[in-house]
Amino acid sequence: MKKIAIIISGCGVFDGAEIHETVLTMLHIEQLGAQYQCFAPDQTQHHVINHLTGEEQQDSRNILIEAARIARGDIHDLATLNVDEFDALVVPGGFGVAKNLSDFAFRGSDSKILDTFKEACQSFSTQKKPIAYLCIAPALIGHIHPSGTVATIGNDTDTATAAEALGIKHVACSATNIVVDSQNKVVSTPAYMLANSISEASHGIAKAIQQLIDMT
């Protein structure tokens with residue numbers, strides 16, 4: 001049975017992982033007969049957003065503890081991820097990717113990414129194990145994979161331009177489709193960068209997970 005690692009960047013679209021994307025990732029992995037294990041960095045998230053009002057709260061939260069809400073407690077510190085134990089990796093989206101796993105939300109093409117996140121992704125890449133990046137996560141591909149790696153964040157011009165400046169070759173894509181770089185074993189889909197419903201997001205994520213497993 002294939003075993004897939006999932007890196008979660010918190011809990012909630014505006015300051016952590018996109019919950020629908022993360023749960024759909026788990027669901028499609030399981031429905032395709034594979035297993036998953038969740039990981040998240042054990043550190044303080046950038047800030048906390050009230051998801052009802054959209055306003056920033058004067059609060060401090062831990063990414064791993066917040067991500068444990070989605071994983072129902074079955075989650076480990078990202079620093080403990082042993083690539084040898086897994087066949088592939090998935091990185092769901094949400095602003096946590098651009099705020100907690102990196103500072104892409106604030107610095108764009110001048111951004112940096114979290115060392116433990118970069119090391120984990122590069123270890124999968126070095127071992128020729130496929131990685132699926134969802135939603136905004138493909139914007140970080142240039143930090144991890146060779147320049148010219150083909151990927152998508154949908155069709156947002158500003159985000160695509162910043163991602164291209166970091167090294168990807170961007171391809172416009174609908175929410176229900178995927179972009180595959182077979183040479184670098186990278187799969188990407190826009191998910192909620194474009195999706196207008198959970199069904200649309202699910203359609204693209206299902207294709208991404210199927211492709212990911214086919215590439216293992």
# chains A, B, ... in the order shown; residues from 1 in each chain; ligands from 1

call {"tool": "closest_atom_pairs", "arguments": {"of": "stretch 81-147 of chain A", "to": "stretch 39-59 of chain A", "cutoff": "10 Å", "atoms": "only C-alpha atoms", "output": "Markdown table"}}
result
| residue | atom | partner | partner_atom | distance |
| --- | --- | --- | --- | --- |
| A:Leu81 | CA | A:Phe39 | CA | 7.2 |
| A:Gly96 | CA | A:Gln45 | CA | 7.9 |
| A:Ala98 | CA | A:His46 | CA | 9.8 |
| A:Lys99 | CA | A:His46 | CA | 6.0 |
| A:Asn100 | CA | A:Gln45 | CA | 5.6 |
| A:Leu101 | CA | A:Pro41 | CA | 8.2 |
| A:Ser102 | CA | A:His46 | CA | 9.6 |
| A:Asp103 | CA | A:His46 | CA | 9.0 |
| A:Leu114 | CA | A:Pro41 | CA | 9.0 |
| A:Thr116 | CA | A:Pro41 | CA | 7.6 |
| A:Phe117 | CA | A:Pro41 | CA | 7.9 |

call {"tool": "write_last_selection", "arguments": {"atoms": "N, CA and C atoms", "output": "mmCIF file, in the first residue's frame"}}
result
data_model
loop_
_atom_site.group_PDB
_atom_site.id
_atom_site.type_symbol
_atom_site.label_atom_id
_atom_site.label_comp_id
_atom_site.auth_asym_id
_atom_site.auth_seq_id
_atom_site.Cartn_x
_atom_site.Cartn_y
_atom_site.Cartn_z
ATOM 1 N N LEU A 81 9.836 14.110 9.837
ATOM 2 C CA LEU A 81 9.435 13.414 8.616
ATOM 3 C C LEU A 81 10.626 12.671 8.013
ATOM 4 N N GLY A 96 -1.590 29.793 4.884
ATOM 5 C CA GLY A 96 -0.516 29.297 5.744
ATOM 6 C C GLY A 96 0.723 28.913 4.954
ATOM 7 N N ALA A 98 1.781 30.514 2.361
ATOM 8 C CA ALA A 98 2.438 31.765 1.989
ATOM 9 C C ALA A 98 2.779 32.645 3.188
ATOM 10 N N LYS A 99 2.337 32.228 4.396
ATOM 11 C CA LYS A 99 2.617 33.011 5.597
ATOM 12 C C LYS A 99 3.417 32.237 6.642
ATOM 13 N N ASN A 100 3.205 30.916 6.711
ATOM 14 C CA ASN A 100 3.855 30.089 7.734
ATOM 15 C C ASN A 100 4.978 29.224 7.178
ATOM 16 N N LEU A 101 4.752 28.639 5.999
ATOM 17 C CA LEU A 101 5.805 27.829 5.372
ATOM 18 C C LEU A 101 6.764 28.703 4.573
ATOM 19 N N SER A 102 6.366 29.944 4.368
ATOM 20 C CA SER A 102 7.181 30.907 3.629
ATOM 21 C C SER A 102 6.691 32.312 3.956
ATOM 22 N N ASP A 103 7.318 33.305 3.356
ATOM 23 C CA ASP A 103 6.798 34.681 3.458
ATOM 24 C C ASP A 103 6.387 35.195 2.075
ATOM 25 N N LEU A 114 10.533 28.186 4.799
ATOM 26 C CA LEU A 114 10.933 27.537 6.037
ATOM 27 C C LEU A 114 11.926 26.417 5.749
ATOM 28 N N THR A 116 12.808 23.629 7.326
ATOM 29 C CA THR A 116 12.344 22.242 7.460
ATOM 30 C C THR A 116 11.426 21.846 6.318
ATOM 31 N N PHE A 117 10.636 22.791 5.832
ATOM 32 C CA PHE A 117 9.749 22.532 4.697
ATOM 33 C C PHE A 117 10.568 22.309 3.427
#

call {"tool": "closest_atom_pairs", "arguments": {"of": "stretch 24-122 of chain A", "to": "stretch 163-166 of chain A", "cutoff": "12 Å", "atoms": "only C-alpha atoms", "output": "tab-separated table"}}
result
residue	atom	partner	partner_atom	distance
A:Ala98	CA	A:Ala163	CA	11.7
A:Phe104	CA	A:Ala163	CA	9.2
A:Ala105	CA	A:Ala163	CA	11.4
A:Arg107	CA	A:Ala163	CA	11.3
A:Gly108	CA	A:Ala163	CA	7.6
A:Ser109	CA	A:Leu166	CA	5.6
A:Asp110	CA	A:Leu166	CA	8.1
A:Ser111	CA	A:Leu166	CA	8.7
A:Lys112	CA	A:Leu166	CA	10.2
A:Ile113	CA	A:Leu166	CA	11.7

call {"tool": "residues_around", "arguments": {"residues": "stretch 146-151 of chain A", "least_positions_apart": "6", "cutoff": "6 Å", "atoms": "only C-alpha atoms", "output": "list of chain:residue names"}}
result
A:Gly167, A:Ile168, A:Lys169, A:His170, A:Val179, A:Asp181, A:Ser188

call {"tool": "write_last_selection", "arguments": {"atoms": "C-alpha atoms", "output": "mmCIF file, in the first residue's frame"}}
result
data_model
loop_
_atom_site.group_PDB
_atom_site.id
_atom_site.type_symbol
_atom_site.label_atom_id
_atom_site.label_comp_id
_atom_site.auth_asym_id
_atom_site.auth_seq_id
_atom_site.Cartn_x
_atom_site.Cartn_y
_atom_site.Cartn_z
ATOM 1 C CA GLY A 167 11.887 29.844 -11.440
ATOM 2 C CA ILE A 168 8.761 27.945 -12.463
ATOM 3 C CA LYS A 169 7.328 27.789 -15.962
ATOM 4 C CA HIS A 170 3.704 28.722 -15.382
ATOM 5 C CA VAL A 179 -0.516 20.398 -14.696
ATOM 6 C CA ASP A 181 5.910 17.989 -14.909
ATOM 7 C CA SER A 188 -0.127 20.986 -9.417
#

call {"tool": "select_by_dssp", "arguments": {"residues": "chain A", "states": "alpha helix (DSSP H)", "output": "PyMOL selection string"}}
result
chain A and resi 19-31+63-70+95-99+104-107+115-126+141-144+157-166+198-214

call {"tool": "write_last_selection", "arguments": {"atoms": "C-alpha atoms", "output": "short mmCIF file (atom, residue, chain, number, x, y, z; two decimals), in the first residue's frame"}}
result
data_model
loop_
_atom_site.label_atom_id
_atom_site.label_comp_id
_atom_site.auth_asym_id
_atom_site.auth_seq_id
_atom_site.Cartn_x
_atom_site.Cartn_y
_atom_site.Cartn_z
CA ILE A 19 -9.39 22.92 5.37
CA HIS A 20 -11.45 21.69 2.42
CA GLU A 21 -8.33 21.08 0.33
CA THR A 22 -6.63 19.21 3.15
CA VAL A 23 -9.62 17.00 3.93
CA LEU A 24 -10.23 16.31 0.22
CA THR A 25 -6.57 15.31 -0.08
CA MET A 26 -7.00 12.79 2.74
CA LEU A 27 -10.25 11.50 1.27
CA HIS A 28 -8.93 10.96 -2.25
CA ILE A 29 -5.74 9.30 -0.98
CA GLU A 30 -7.82 6.85 1.04
CA GLN A 31 -10.33 6.23 -1.76
CA ILE A 63 1.04 25.66 13.58
CA LEU A 64 1.33 22.01 14.66
CA ILE A 65 -1.36 22.33 17.33
CA GLU A 66 -3.71 24.08 14.91
CA ALA A 67 -3.04 21.55 12.13
CA ALA A 68 -3.85 18.77 14.59
CA ARG A 69 -7.46 19.96 14.47
CA ILE A 70 -7.73 18.86 10.84
CA PHE A 95 -2.49 31.31 3.19
CA GLY A 96 -0.52 29.30 5.74
CA VAL A 97 1.67 28.14 2.85
CA ALA A 98 2.44 31.77 1.99
CA LYS A 99 2.62 33.01 5.60
CA PHE A 104 5.57 34.63 -0.15
CA ALA A 105 2.38 36.50 0.85
CA PHE A 106 4.48 39.49 1.86
CA ARG A 107 7.61 39.33 -0.30
CA ASP A 115 14.08 25.41 6.22
CA THR A 116 12.34 22.24 7.46
CA PHE A 117 9.75 22.53 4.70
CA LYS A 118 12.37 23.07 2.01
CA GLU A 119 14.50 20.17 3.26
CA ALA A 120 11.52 17.79 3.30
CA CYS A 121 10.38 18.70 -0.21
CA GLN A 122 13.90 18.58 -1.65
CA SER A 123 14.46 15.17 -0.06
CA PHE A 124 11.40 13.79 -1.87
CA SER A 125 12.61 15.39 -5.09
CA THR A 126 16.14 14.02 -4.69
CA ILE A 141 8.10 25.31 -6.37
CA GLY A 142 10.89 27.58 -7.60
CA HIS A 143 12.43 27.49 -4.12
CA ILE A 144 12.56 23.69 -4.22
CA THR A 157 -1.33 37.16 -13.28
CA ASP A 158 0.42 38.71 -10.27
CA THR A 159 0.91 35.41 -8.45
CA ALA A 160 2.04 33.68 -11.64
CA THR A 161 4.54 36.46 -12.37
CA ALA A 162 6.04 36.22 -8.88
CA ALA A 163 6.19 32.43 -9.11
CA GLU A 164 7.87 32.63 -12.52
CA ALA A 165 10.44 35.05 -11.11
CA LEU A 166 11.30 32.31 -8.61
CA ILE A 198 -15.99 22.35 -3.01
CA SER A 199 -17.04 20.11 -5.90
CA GLU A 200 -14.80 21.98 -8.33
CA ALA A 201 -11.89 21.85 -5.90
CA SER A 202 -12.50 18.15 -5.33
CA HIS A 203 -12.44 17.39 -9.06
CA GLY A 204 -8.98 18.88 -9.55
CA ILE A 205 -7.56 17.45 -6.33
CA ALA A 206 -8.85 13.98 -7.23
CA LYS A 207 -6.97 14.17 -10.54
CA ALA A 208 -3.84 15.41 -8.78
CA ILE A 209 -3.86 12.59 -6.24
CA GLN A 210 -4.52 9.98 -8.93
CA GLN A 211 -1.59 11.32 -10.95
CA LEU A 212 0.61 11.44 -7.85
CA ILE A 213 -0.06 7.79 -7.05
CA ASP A 214 0.42 6.78 -10.69
#

call {"tool": "select_by_dssp", "arguments": {"residues": "stretch 31-178 of chain A", "states": "strand (DSSP E or B)", "output": "list in words"}}
result
Gln35, Tyr36, Gln37, Cys38, Phe39, Ala40, Thr44, Val48, Ile49, Glu56, Gln57, Asn62, Ile75, His76, Asp77, Ala88, Leu89, Val90, Val91, Ser102, Ile113, Ile131, Ala132, Tyr133, Leu134, Val150, Ala151, Lys169 and His170 of chain A

call {"tool": "atom_distance", "arguments": {"atom1": "atom CA of A:Thr216", "atom2": "atom CA of A:Gly154"}}
result
24.8 Å

call {"tool": "atom_distance", "arguments": {"atom1": "atom CA of A:Asn196", "atom2": "atom CA of A:Cys38"}}
result
26.3 Å

call {"tool": "atom_distance", "arguments": {"atom1": "atom CA of A:Gly73", "atom2": "atom CA of A:Ile6"}}
result
13.8 Å

call {"tool": "residues_around", "arguments": {"residues": "A:Lys128", "least_positions_apart": "6", "cutoff": "10 Å", "atoms": "only C-alpha atoms", "output": "list in words"}}
result
Asp87, Ala88, Gln122, Gln183, Asn184, Lys185, Val186, Met215 and Thr216 of chain A

call {"tool": "closest_residue", "arguments": {"among": "A:Asn62, A:Ala34, A:Asn155, A:Gly94", "to": "A:Val13", "atoms": "only C-alpha atoms"}}
result
A:Gly94

call {"tool": "closest_residue", "arguments": {"among": "A:Lys129, A:Gln37, A:Val91, A:Ala139", "to": "A:Lys3", "atoms": "only C-alpha atoms"}}
result
A:Gln37
